[in-house]
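**Student:** Got a structure for you, questions after.
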Amino acid sequence: MVPSRRRRLTANAALIVLVLMVPLVFRTKPSVIGYLNIAMLYALATQGLNLLMGFGGLVSLGHAAFMAIGGYTAAVLVMSYHVNMFLAVVAGVAGAGLFGLVIGFPSLRLSGFYLAVATMALGSSVADVIKRLAITGGDYGLSNIPSLRLGPWTLASDASRYYFFVVVLTLVFLAVRNFLNSRSGRAVRAVRDSEMTAAAMGINVAAYKLITFIFAACIAGLSGALYAFTISYLHPTNFGLTFSIGLLSMSIIGGLGTIIGPILGALFWVMLPLIIGAKLTYLATVIFGLSIIGSVVFLPKGLSELVTRVQTRLKL
Amino acid sequence: MLRVDQVVSGYGPIDVLNHVTISLEKGEIVAVLGANGAGKTTLLRTITGLIRVRKGSVTFDDKLLNGLSPAEVVRCGISHVPEGRHIFPDLTVEENLLLAAYTMPRSQQKSRLEAMYTMFSILAERRRQAGGTLSGGEQQMLALARGLMPNPRLMLLDEPSLGLAPKIIGTVFETLVHLRESGVSVLLVEQNAKRSLEVADRAYILVTGRIALEGTAHDLASNDMVKQLYLGGIQ
Amino acid sequence: MNILANLALRGLATGAVYALVGMGIVVILQTTNVMNFAQGDTGMFVTYLAFFMITTAKVPYSLVLVLTVVAGALIGLIVERFMMRSVRSRSHLSLIMLTLGLSLVFQGLAAFLFNTEPRLFPPLVAGDSIKLGPVVLSRQDIVVLLATIIVFGVLYLFLYRTKQGAAARSISQDEYAARVLGIPTPSIYMLVWAIGSALAGLAALLIVPRFSLEPSFMGLIQVKAFSAIVLGGMDSVFGAAVGGLIIGVVENLVAYQFPAIKDSFMLIVVVIVLLVMPQGLFGKRQQRRF
């Protein structure tokens with residue numbers, strides 16, 4: 001046990017050093033850091049979805065709506081009401097959580113295809129409502145959103161945001177892991193495996209489904225709020241069904257029900273179009289589609305399964 | 001006519017049948033008896049091609065059935081009446097019957113349909129009614145008629161007496177005797193051992209996936225072990 | 001009054017669009033138990049092929065119509081044979097993923113091969129709008145309405161007057177029993193996918209002149225089509241058709257009074273329908289509720 005544990009510690013330490021080194025390595029190419037930042041924000045939102053689907057067994061085709069609510073709430077509060085940015089982010093998270101409660105209610109009575117259609121309908125209508133409102137900039141979108149500030153410091157550079165997002169991502173991932181290992185997390189997984197059995201064991205199925213939905217929505221809301229202050233621009237169509245499906249793809253490709261899956265999925269999603277170049281960028285969509293089909297058919301745990309397989313082979 | 005030779009089959013990682021060998025000659029009613037979970041239904045499903053034969057062989061009139069699809073097995077002249085009847089609830093009685101003769105030419109379908117309506121007059125009355133509205137006994141008649149629709153030479157019958165009133169059970173077993181007279185062989189799987197041994201010519205006792213005992217129905221009915229285990233003690 | 005009648009009838013024409021797409025989805029859903037999220041994009045992709053046949057190869061419209069239907073059917077056959085067959089027993093979630101993946105493939109391919117610029121599709125039938133009493137309808141709308149009625153009739157005949165149709169219905173009720181009886185279920189699955197996808201192609205081709213051809217043009221229409229089948233009860237072609245028409249009419253009336261909530265109104269209604277009466281207006285099957 002001891003050697004393998006030491007090996008794991010070494011591997012983790014190496015990983016941390018590697019992650020911290022990235023901005024230094026790409027110092028001359030700040031755009032790469034920018035894309036990594038986006039990938040981390042997507043990974044954040046995907047983690048929520050992953051929690052919902054991979055661990056809770058609930059499907060959501062409207063997850064981008066949570067990001068939209070988090071992002072727009074935070075941005076509008078800061079821009080129109082001059083609310084402190086930290087509080088605005090908190091409000092964005094809370095707003096998304098509240099909507100998670102609303103979307104969560106159908107999940108108590110619906111399953112499978114029905115829940116997919118319900119979340120798809122609700123998600124699409126959120127994007128539609130935002131498009132019609134004046135305060136959100138409507139169809140023109142919301143531009144000139146201020147940069148992220150952390151107390152007295154403005155995180156204006158991609159590198160500074162990179163480190164901040166690494167911290168946020170780590171904290172959220174730890175929170176998710178702790179949640180999953182807690183009593184509630186076990187209950188959530190029990191509900192996924194069999195609602196009937198879970199109910200028979202005295203687990204309050206409805207409450208845990210709602211909790212999962214709210215938790216997932218809050219994480220997506222956080223992602224949306226940070227996204228707004230990073231990109232400085234929001235537009236409703238970016239949070240429509242297409243992006244919801246995008247988030248879903250990231251979590252499938254990365255691997256449902258795994259903690260690192262969302263990071264792998266989001267990296268794949270953001271980096272692939274860059275790697276294959278602007279000319280072939282739409283080919284990336286084809287590859288995403290094929291990857292989804294491939295992961296469902298051959299790798300139910302997605303890319304993370306490949307990583308695990310390689311790990312076992314290398315005896316890490 | 002039917003030979004099941006050293007067959008191994010099952011679900012997922014589990015082998016339910018372990019080297020089962022049975023045979024059935026033309027014009028026979030052969031019963032396979034055994035407790036719940038002994039593998040009786042699995043045996044029928046394997047013959048029909050619903051489950052793959054893992055080892056051994058199934059032949060029917062010297063034709064190898066291994067690897068054939070259920071549709072192909074039906075075309076060879078074997079029909080399967082599943083446990084629990086499985087009537088299509090929203091389809092009419094007539095549709096239920098016609099689907100059982102799916103690959104038959106239309107003219108032949110018509111004559112088979114008429115034959116079924118003469119044999120089971122209650123079905124003729126209910127021909128336009130949805131299958132789900134029939135009573136349990138009527139549904140069993142429909143299930144039997146569906147089994148006979150393709151004009152099989154061998155019919156596999158899975159628990160035809162399950163959940164039926166004793167009077168209707170009597171009718172079901174009478175039908176089997178009629179069938180034998182008209183030349184249809186029957187492989188009968190039942191938990192109701194007493195009734196089965198009364199109509200069957202020969203029988204096999206299946207215990208956890210193996211044939212534990214075989215013989216003529218008469219011999220088995222007087223066998224002490226069979227009496228004790230399957231016929232409710234020595235009368 | 002005239003305005004209302006006009007609005008309602010124009011809504012009916014829009015609803016026919018949803019009905020056409022919805023019927024294709026339902027045909028596949030009720031037999032194979034797969035909700036095909038790639039329905040819209042299958043149609044979109046086939047419509048691109050039709051576009052080039054008409055504009056570049058100058059193929060006559062009637063022949064294009066036939067070829068589109070055939071192309072759709074072929075796609076359906078391939079999808080069933082090489083994708084859905086191996087995963088038939090997977091969870092709903094996996095099946096949703098698969099068809100979503102397929103829809104991305106079609107969108108990506110269309111954008112990659114034909115670029116994303118919107119293209120104007122030549123109208124189905126030339127000519128001015130037609131006056132029916134107080135109501136004015138474009139020829140395009142009339143064609144779509146008629147097509148909806150014809151497609152519904154043909155589907156009805158298929159499901160209730162052919163043995164393949166009866167087999168498709170029997171599979172939707174009890175797949176095991178169908179196999180036991182010797183119904184060749186794999187070929188029925190292929191047939192149903194072919195019909196559903198052919199409908200996807202037909203629907204997209206008929207409605208594209210009202211929009212413009214771009215890789216995403218079926219997106220919102222498909223959402224509405226799903227709403228239509230939910231309203232109709234998920235398991236009946238009739239329900240999908242009527243549900244589509246209802247959504248079209250209500251949407252158009254709402255849009256006249258409250259343009260801002262045109263698209264979201266029906267979506268919210270659909271969620272409420274799902275919650276309050278999940279069997280929809282015409283569905284029989286009770287969905288699993290807990």
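Quick note on naming: the chains in the structure tokens go A, B, ... in the order shown, residues restart at 1 in each chain, and ligands are numbered from 1 in order of appearance.
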For Leu50 in chain B, find every residue with an atom within 10 Å (counting only C-alpha atoms), except residues of its own chain fewer than 3 positions away, and show them as an mmCIF file with C-alpha atoms, in the first residue's frame.
**Tutor:**
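Saved the output as out.cif:
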```
data_model
loop_
_atom_site.group_PDB
_atom_site.id
_atom_site.type_symbol
_atom_site.label_atom_id
_atom_site.label_comp_id
_atom_site.auth_asym_id
_atom_site.auth_seq_id
_atom_site.Cartn_x
_atom_site.Cartn_y
_atom_site.Cartn_z
ATOM 1 C CA THR B 42 -34.603 -21.142 -20.833
ATOM 2 C CA LEU B 44 -37.782 -23.307 -24.711
ATOM 3 C CA ARG B 45 -36.129 -19.985 -25.467
ATOM 4 C CA THR B 46 -32.995 -21.777 -26.588
ATOM 5 C CA ILE B 47 -34.934 -24.007 -28.965
ATOM 6 C CA VAL B 53 -26.909 -22.117 -27.959
ATOM 7 C CA GLY B 67 -27.936 -19.761 -34.669
ATOM 8 C CA LEU B 68 -31.287 -19.359 -36.421
ATOM 9 C CA SER B 69 -33.414 -16.339 -35.533
ATOM 10 C CA PRO B 70 -36.835 -16.910 -33.923
ATOM 11 C CA ALA B 71 -38.448 -15.924 -37.220
ATOM 12 C CA VAL B 73 -37.322 -21.235 -36.380
ATOM 13 C CA TYR C 176 -40.548 -9.951 -26.517
ATOM 14 C CA ARG C 179 -39.912 -11.975 -31.290
ATOM 15 C CA VAL C 180 -41.436 -15.138 -29.826
ATOM 16 C CA GLY C 182 -41.412 -15.057 -35.167
#
```
**Student:** Show me which bits of chain C are within 8 Å of chain B, counting only C-alpha atoms, as a ChimeraX atom specification.
**Tutor:** /C:163,166-167,169-170,173-174,177,179-184
**Student:** Atoms to include: C-alpha atoms. Write the selected residues as an mmCIF file, in the first residue's frame.
**Tutor:**
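What ended up in part27.cif:
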```
data_model
loop_
_atom_site.group_PDB
_atom_site.id
_atom_site.type_symbol
_atom_site.label_atom_id
_atom_site.label_comp_id
_atom_site.auth_asym_id
_atom_site.auth_seq_id
_atom_site.Cartn_x
_atom_site.Cartn_y
_atom_site.Cartn_z
ATOM 1 C CA LYS C 163 -48.811 -6.415 -41.771
ATOM 2 C CA ALA C 166 -49.247 -4.202 -37.371
ATOM 3 C CA ALA C 167 -45.851 -5.700 -36.563
ATOM 4 C CA ARG C 169 -47.384 -1.622 -33.382
ATOM 5 C CA SER C 170 -46.991 -5.043 -31.805
ATOM 6 C CA GLN C 173 -46.533 -3.016 -27.072
ATOM 7 C CA ASP C 174 -44.524 -6.137 -26.360
ATOM 8 C CA ALA C 177 -43.850 -11.379 -27.670
ATOM 9 C CA ARG C 179 -39.912 -11.975 -31.290
ATOM 10 C CA VAL C 180 -41.436 -15.138 -29.826
ATOM 11 C CA LEU C 181 -44.110 -15.140 -32.526
ATOM 12 C CA GLY C 182 -41.412 -15.057 -35.167
ATOM 13 C CA ILE C 183 -41.876 -11.487 -36.350
ATOM 14 C CA PRO C 184 -38.554 -10.463 -37.917
#
```
**Student:** Neighbouring residues of range 254-259 of chain C were defined as those with any atom within 12 Å, considering only C-alpha atoms; residues of the same chain fewer than 3 positions away were excluded. Please report them as a PDB file with C-alpha atoms, in the first residue's frame.
**Tutor:**
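So part-v3.pdb came out as:
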```pdb
ATOM      1  CA  ASP A 128     -35.752  33.256 -25.597  1.00  0.00           C
ATOM      2  CA  VAL A 129     -36.853  35.384 -22.632  1.00  0.00           C
ATOM      3  CA  ARG A 132     -36.705  39.770 -25.349  1.00  0.00           C
TER       4      ARG A 132
ATOM      5  CA  ILE C   3     -57.810  38.922 -38.491  1.00  0.00           C
ATOM      6  CA  LEU C   4     -58.332  36.066 -36.063  1.00  0.00           C
ATOM      7  CA  ASN C   6     -56.321  34.689 -40.828  1.00  0.00           C
ATOM      8  CA  LEU C   7     -54.040  34.240 -37.862  1.00  0.00           C
ATOM      9  CA  ALA C   8     -55.513  30.882 -36.993  1.00  0.00           C
ATOM     10  CA  ARG C  10     -51.690  30.825 -40.939  1.00  0.00           C
ATOM     11  CA  GLY C  11     -50.979  29.221 -37.571  1.00  0.00           C
ATOM     12  CA  ILE C 246     -52.522  23.213 -31.951  1.00  0.00           C
ATOM     13  CA  ILE C 247     -49.085  24.581 -31.189  1.00  0.00           C
ATOM     14  CA  GLY C 248     -48.966  26.373 -34.515  1.00  0.00           C
ATOM     15  CA  VAL C 249     -52.344  28.034 -34.032  1.00  0.00           C
ATOM     16  CA  VAL C 250     -51.895  29.001 -30.378  1.00  0.00           C
ATOM     17  CA  GLU C 251     -48.415  30.297 -31.075  1.00  0.00           C
ATOM     18  CA  LYS C 262     -44.205  33.867 -28.887  1.00  0.00           C
ATOM     19  CA  ASP C 263     -41.625  31.104 -28.612  1.00  0.00           C
ATOM     20  CA  SER C 264     -41.512  30.553 -24.879  1.00  0.00           C
ATOM     21  CA  PHE C 265     -45.256  30.468 -24.270  1.00  0.00           C
ATOM     22  CA  MET C 266     -45.854  27.085 -25.859  1.00  0.00           C
TER      23      MET C 266
END
```
**Student:** List the neighbours of Ala75 in chain A out to 12 Å using only C-alpha atoms; skip same-chain residues closer than 6 positions along the sequence, and give me the result as a ChimeraX atom specification.
**Tutor:** /A:67-69,81-93,135-137,141-148,221-222,224-235
**Student:** Would you save the residues from that selection as a compact mmCIF listing (two decimals), in the first residue's frame, using N, CA and C atoms?
**Tutor:**
```txt
# COMPACT_ATOMS: atom_id res chain seq x y z
N MET A 67 -26.13 28.60 -16.83
CA MET A 67 -24.98 29.49 -17.06
C MET A 67 -25.47 30.88 -17.44
N ALA A 68 -26.48 30.92 -18.31
CA ALA A 68 -27.01 32.20 -18.76
C ALA A 68 -27.55 32.99 -17.58
N ILE A 69 -28.29 32.31 -16.71
CA ILE A 69 -28.89 33.01 -15.58
C ILE A 69 -27.80 33.52 -14.64
N TYR A 81 -26.71 48.08 -11.52
CA TYR A 81 -27.02 48.41 -10.13
C TYR A 81 -25.76 48.62 -9.29
N HIS A 82 -24.60 48.53 -9.94
CA HIS A 82 -23.32 48.80 -9.28
C HIS A 82 -23.13 48.01 -8.00
N VAL A 83 -23.58 46.79 -8.04
CA VAL A 83 -23.41 45.90 -6.90
C VAL A 83 -21.96 45.43 -6.88
N ASN A 84 -21.42 45.23 -5.69
CA ASN A 84 -20.09 44.66 -5.52
C ASN A 84 -19.97 43.36 -6.30
N MET A 85 -18.84 43.17 -6.98
CA MET A 85 -18.74 42.04 -7.90
C MET A 85 -18.87 40.69 -7.21
N PHE A 86 -18.28 40.58 -6.04
CA PHE A 86 -18.35 39.32 -5.32
C PHE A 86 -19.81 38.98 -5.00
N LEU A 87 -20.53 40.00 -4.49
CA LEU A 87 -21.95 39.77 -4.17
C LEU A 87 -22.74 39.44 -5.44
N ALA A 88 -22.36 40.09 -6.53
CA ALA A 88 -23.07 39.84 -7.78
C ALA A 88 -22.88 38.39 -8.21
N VAL A 89 -21.66 37.90 -8.06
CA VAL A 89 -21.41 36.50 -8.42
C VAL A 89 -22.24 35.58 -7.52
N VAL A 90 -22.25 35.91 -6.23
CA VAL A 90 -23.06 35.12 -5.30
C VAL A 90 -24.52 35.14 -5.73
N ALA A 91 -25.01 36.33 -6.11
CA ALA A 91 -26.40 36.44 -6.54
C ALA A 91 -26.63 35.62 -7.81
N GLY A 92 -25.65 35.63 -8.71
CA GLY A 92 -25.77 34.84 -9.93
C GLY A 92 -25.90 33.36 -9.61
N VAL A 93 -25.06 32.90 -8.70
CA VAL A 93 -25.10 31.50 -8.29
C VAL A 93 -26.46 31.18 -7.67
N ILE A 135 -33.24 44.88 -20.25
CA ILE A 135 -32.13 45.06 -19.31
C ILE A 135 -30.95 44.16 -19.65
N THR A 136 -31.22 43.07 -20.38
CA THR A 136 -30.14 42.15 -20.73
C THR A 136 -29.51 42.51 -22.07
N GLY A 137 -29.95 43.60 -22.66
CA GLY A 137 -29.40 43.96 -23.96
C GLY A 137 -30.12 43.27 -25.09
N GLY A 141 -27.20 41.64 -27.24
CA GLY A 141 -26.24 41.08 -26.30
C GLY A 141 -25.80 42.12 -25.30
N LEU A 142 -25.06 41.70 -24.33
CA LEU A 142 -24.58 42.58 -23.26
C LEU A 142 -23.07 42.69 -23.42
N SER A 143 -22.61 43.90 -23.77
CA SER A 143 -21.16 44.01 -23.97
C SER A 143 -20.53 44.94 -22.94
N ASN A 144 -19.23 45.04 -22.98
CA ASN A 144 -18.46 45.86 -22.04
C ASN A 144 -18.70 45.48 -20.58
N ILE A 145 -18.83 44.22 -20.33
CA ILE A 145 -18.94 43.77 -18.95
C ILE A 145 -17.55 43.91 -18.32
N PRO A 146 -17.46 44.51 -17.12
CA PRO A 146 -16.14 44.75 -16.52
C PRO A 146 -15.37 43.46 -16.26
N SER A 147 -14.06 43.61 -16.13
CA SER A 147 -13.21 42.46 -15.86
C SER A 147 -13.37 41.97 -14.44
N LEU A 148 -12.94 40.76 -14.26
CA LEU A 148 -13.04 40.13 -12.94
C LEU A 148 -12.18 40.88 -11.94
N GLY A 221 -24.16 28.13 -12.62
CA GLY A 221 -24.35 29.57 -12.43
C GLY A 221 -23.02 30.26 -12.14
N LEU A 222 -22.22 29.64 -11.29
CA LEU A 222 -20.89 30.18 -10.98
C LEU A 222 -20.07 30.28 -12.26
N GLY A 224 -21.16 30.52 -15.26
CA GLY A 224 -21.69 31.58 -16.11
C GLY A 224 -21.26 32.96 -15.64
N ALA A 225 -21.30 33.19 -14.31
CA ALA A 225 -20.92 34.50 -13.79
C ALA A 225 -19.45 34.78 -14.09
N LEU A 226 -18.59 33.81 -13.84
CA LEU A 226 -17.16 34.00 -14.12
C LEU A 226 -16.93 34.21 -15.61
N TYR A 227 -17.71 33.48 -16.41
CA TYR A 227 -17.61 33.60 -17.87
C TYR A 227 -17.91 35.04 -18.30
N ALA A 228 -18.98 35.60 -17.71
CA ALA A 228 -19.37 36.97 -18.09
C ALA A 228 -18.23 37.95 -17.85
N PHE A 229 -17.57 37.84 -16.68
CA PHE A 229 -16.51 38.80 -16.35
C PHE A 229 -15.19 38.46 -17.04
N THR A 230 -15.14 37.32 -17.69
CA THR A 230 -13.92 36.95 -18.42
C THR A 230 -14.02 37.36 -19.88
N ILE A 231 -15.16 37.03 -20.50
CA ILE A 231 -15.34 37.30 -21.93
C ILE A 231 -15.82 38.73 -22.15
N SER A 232 -16.46 39.32 -21.12
CA SER A 232 -16.99 40.70 -21.18
C SER A 232 -18.16 40.83 -22.14
N TYR A 233 -18.70 39.73 -22.62
CA TYR A 233 -19.80 39.83 -23.57
C TYR A 233 -20.71 38.62 -23.42
N LEU A 234 -22.02 38.89 -23.39
CA LEU A 234 -22.98 37.79 -23.30
C LEU A 234 -24.02 37.94 -24.40
N HIS A 235 -24.38 36.84 -24.99
CA HIS A 235 -25.48 36.89 -25.97
C HIS A 235 -26.37 35.67 -25.77
```
**Student:** For each of C:Met53, C:Met35, C:Ala194, C:Ile171, take the minimum atom-to-atom distance to Pro122 in chain C, counting only C-alpha atoms, then give the residue where this is smallest.
**Tutor:**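 Of the candidates, the smallest distance to Pro122 in chain C is held by C:Met53.
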**Student:** Within 7 Å of chain C, which residues of chain A show up? Give each one with its shortest atom-to-atom distance in Å (one decimal) and the two atoms involved, counting only C-alpha atoms, rows by chain then rising residue number, as a tab-separated table.
**Tutor:**
```
residue	atom	partner	partner_atom	distance
A:Val59	CA	C:Leu93	CA	6.8
A:Pro106	CA	C:Leu275	CA	6.5
A:Arg109	CA	C:Arg289	CA	5.6
A:Leu110	CA	C:Arg289	CA	6.2
A:Gly112	CA	C:His92	CA	5.6
A:Phe113	CA	C:His92	CA	6.8
A:Val117	CA	C:Phe226	CA	6.9
A:Ala118	CA	C:Val271	CA	5.3
A:Ala121	CA	C:Leu267	CA	5.1
A:Leu122	CA	C:Ile268	CA	6.7
A:Ser125	CA	C:Ser264	CA	4.6
A:Asp128	CA	C:Ser264	CA	6.4
A:Arg132	CA	C:Ala260	CA	6.0
A:Tyr282	CA	C:Phe112	CA	5.0
A:Leu283	CA	C:Gly108	CA	5.9
A:Thr285	CA	C:Gly108	CA	4.7
A:Val286	CA	C:Val105	CA	4.2
A:Gly289	CA	C:Gly101	CA	4.0
A:Leu290	CA	C:Gly101	CA	6.4
A:Ile292	CA	C:Gly101	CA	5.3
A:Ile293	CA	C:Leu98	CA	5.2
A:Val296	CA	C:Ser94	CA	6.2
A:Val297	CA	C:Val87	CA	6.9
```
**Student:** Please save C-alpha atoms of the selected residues as a JSON list (two decimals), in the first residue's frame.
**Tutor:**
```json
[["chain", "number", "residue", "atom", "x", "y", "z"],
["A", 59, "VAL", "CA", -30.80, 14.23, -17.95],
["A", 106, "PRO", "CA", -40.31, 18.35, -13.29],
["A", 109, "ARG", "CA", -42.26, 13.39, -11.82],
["A", 110, "LEU", "CA", -40.56, 12.84, -15.14],
["A", 112, "GLY", "CA", -35.93, 9.65, -19.41],
["A", 113, "PHE", "CA", -37.25, 11.19, -22.60],
["A", 117, "VAL", "CA", -38.03, 17.30, -23.45],
["A", 118, "ALA", "CA", -39.03, 19.29, -20.36],
["A", 121, "ALA", "CA", -38.25, 23.35, -23.42],
["A", 122, "LEU", "CA", -37.36, 25.27, -20.25],
["A", 125, "SER", "CA", -37.41, 29.45, -23.22],
["A", 128, "ASP", "CA", -35.75, 33.26, -25.60],
["A", 132, "ARG", "CA", -36.71, 39.77, -25.35],
["A", 282, "TYR", "CA", -16.62, 22.58, -38.60],
["A", 283, "LEU", "CA", -14.96, 19.24, -38.95],
["A", 285, "THR", "CA", -18.27, 19.34, -34.78],
["A", 286, "VAL", "CA", -18.29, 16.14, -36.80],
["A", 289, "GLY", "CA", -20.50, 13.92, -32.79],
["A", 290, "LEU", "CA", -18.51, 10.82, -33.66],
["A", 292, "ILE", "CA", -20.12, 10.99, -28.51],
["A", 293, "ILE", "CA", -21.33, 8.04, -30.52],
["A", 296, "VAL", "CA", -21.59, 5.66, -25.83],
["A", 297, "VAL", "CA", -20.91, 2.54, -27.87]]
```
**Student:** Mind giving me the straight-line distance from CA of Ala74 in chain A to CA of Asn37 in chain A in Å, one decimal?
**Tutor:** 18.7 Å
**Student:** Could you please write out, as a PyMOL selection string, every residue of range 17-115 of chain A that DSSP assigns to alpha helix (DSSP H)?
**Tutor:** chain A and resi 17-25+30-50+63-81+85-109+112-115
**Student:** Pick out the residues sitting within 6 Å of range 196-209 of chain C, and hand them over as a PDB file with C-alpha atoms, in the first residue's frame; count only C-alpha atoms, and ignore anything fewer than 3 positions along from it in its own chain.
**Tutor:**
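Okay, this is what ended up in selection-v8.pdb:
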```
ATOM      1  CA  LEU C  20     -44.742  16.803 -40.211  1.00  0.00           C
ATOM      2  CA  VAL C  21     -41.528  16.665 -38.217  1.00  0.00           C
ATOM      3  CA  GLY C  24     -41.592  11.242 -38.125  1.00  0.00           C
ATOM      4  CA  VAL C  27     -43.113   6.753 -35.807  1.00  0.00           C
ATOM      5  CA  ILE C  28     -39.591   5.909 -34.698  1.00  0.00           C
ATOM      6  CA  GLN C  39     -34.610  13.964 -36.844  1.00  0.00           C
ATOM      7  CA  GLY C  43     -33.812  16.462 -42.763  1.00  0.00           C
ATOM      8  CA  VAL C  46     -30.889  15.837 -47.003  1.00  0.00           C
ATOM      9  CA  THR C  47     -32.293  19.252 -47.881  1.00  0.00           C
ATOM     10  CA  THR C  68     -34.981  13.387 -51.028  1.00  0.00           C
ATOM     11  CA  VAL C  69     -37.343  10.852 -49.573  1.00  0.00           C
ATOM     12  CA  GLY C  72     -33.724  10.154 -46.008  1.00  0.00           C
ATOM     13  CA  ALA C  73     -34.801   6.513 -45.961  1.00  0.00           C
ATOM     14  CA  GLY C  76     -32.457   5.865 -41.603  1.00  0.00           C
ATOM     15  CA  PHE C 121     -34.318  27.887 -51.221  1.00  0.00           C
ATOM     16  CA  PRO C 123     -40.176  28.134 -53.562  1.00  0.00           C
ATOM     17  CA  TRP C 193     -36.208   4.035 -39.175  1.00  0.00           C
TER      18      TRP C 193
END
```
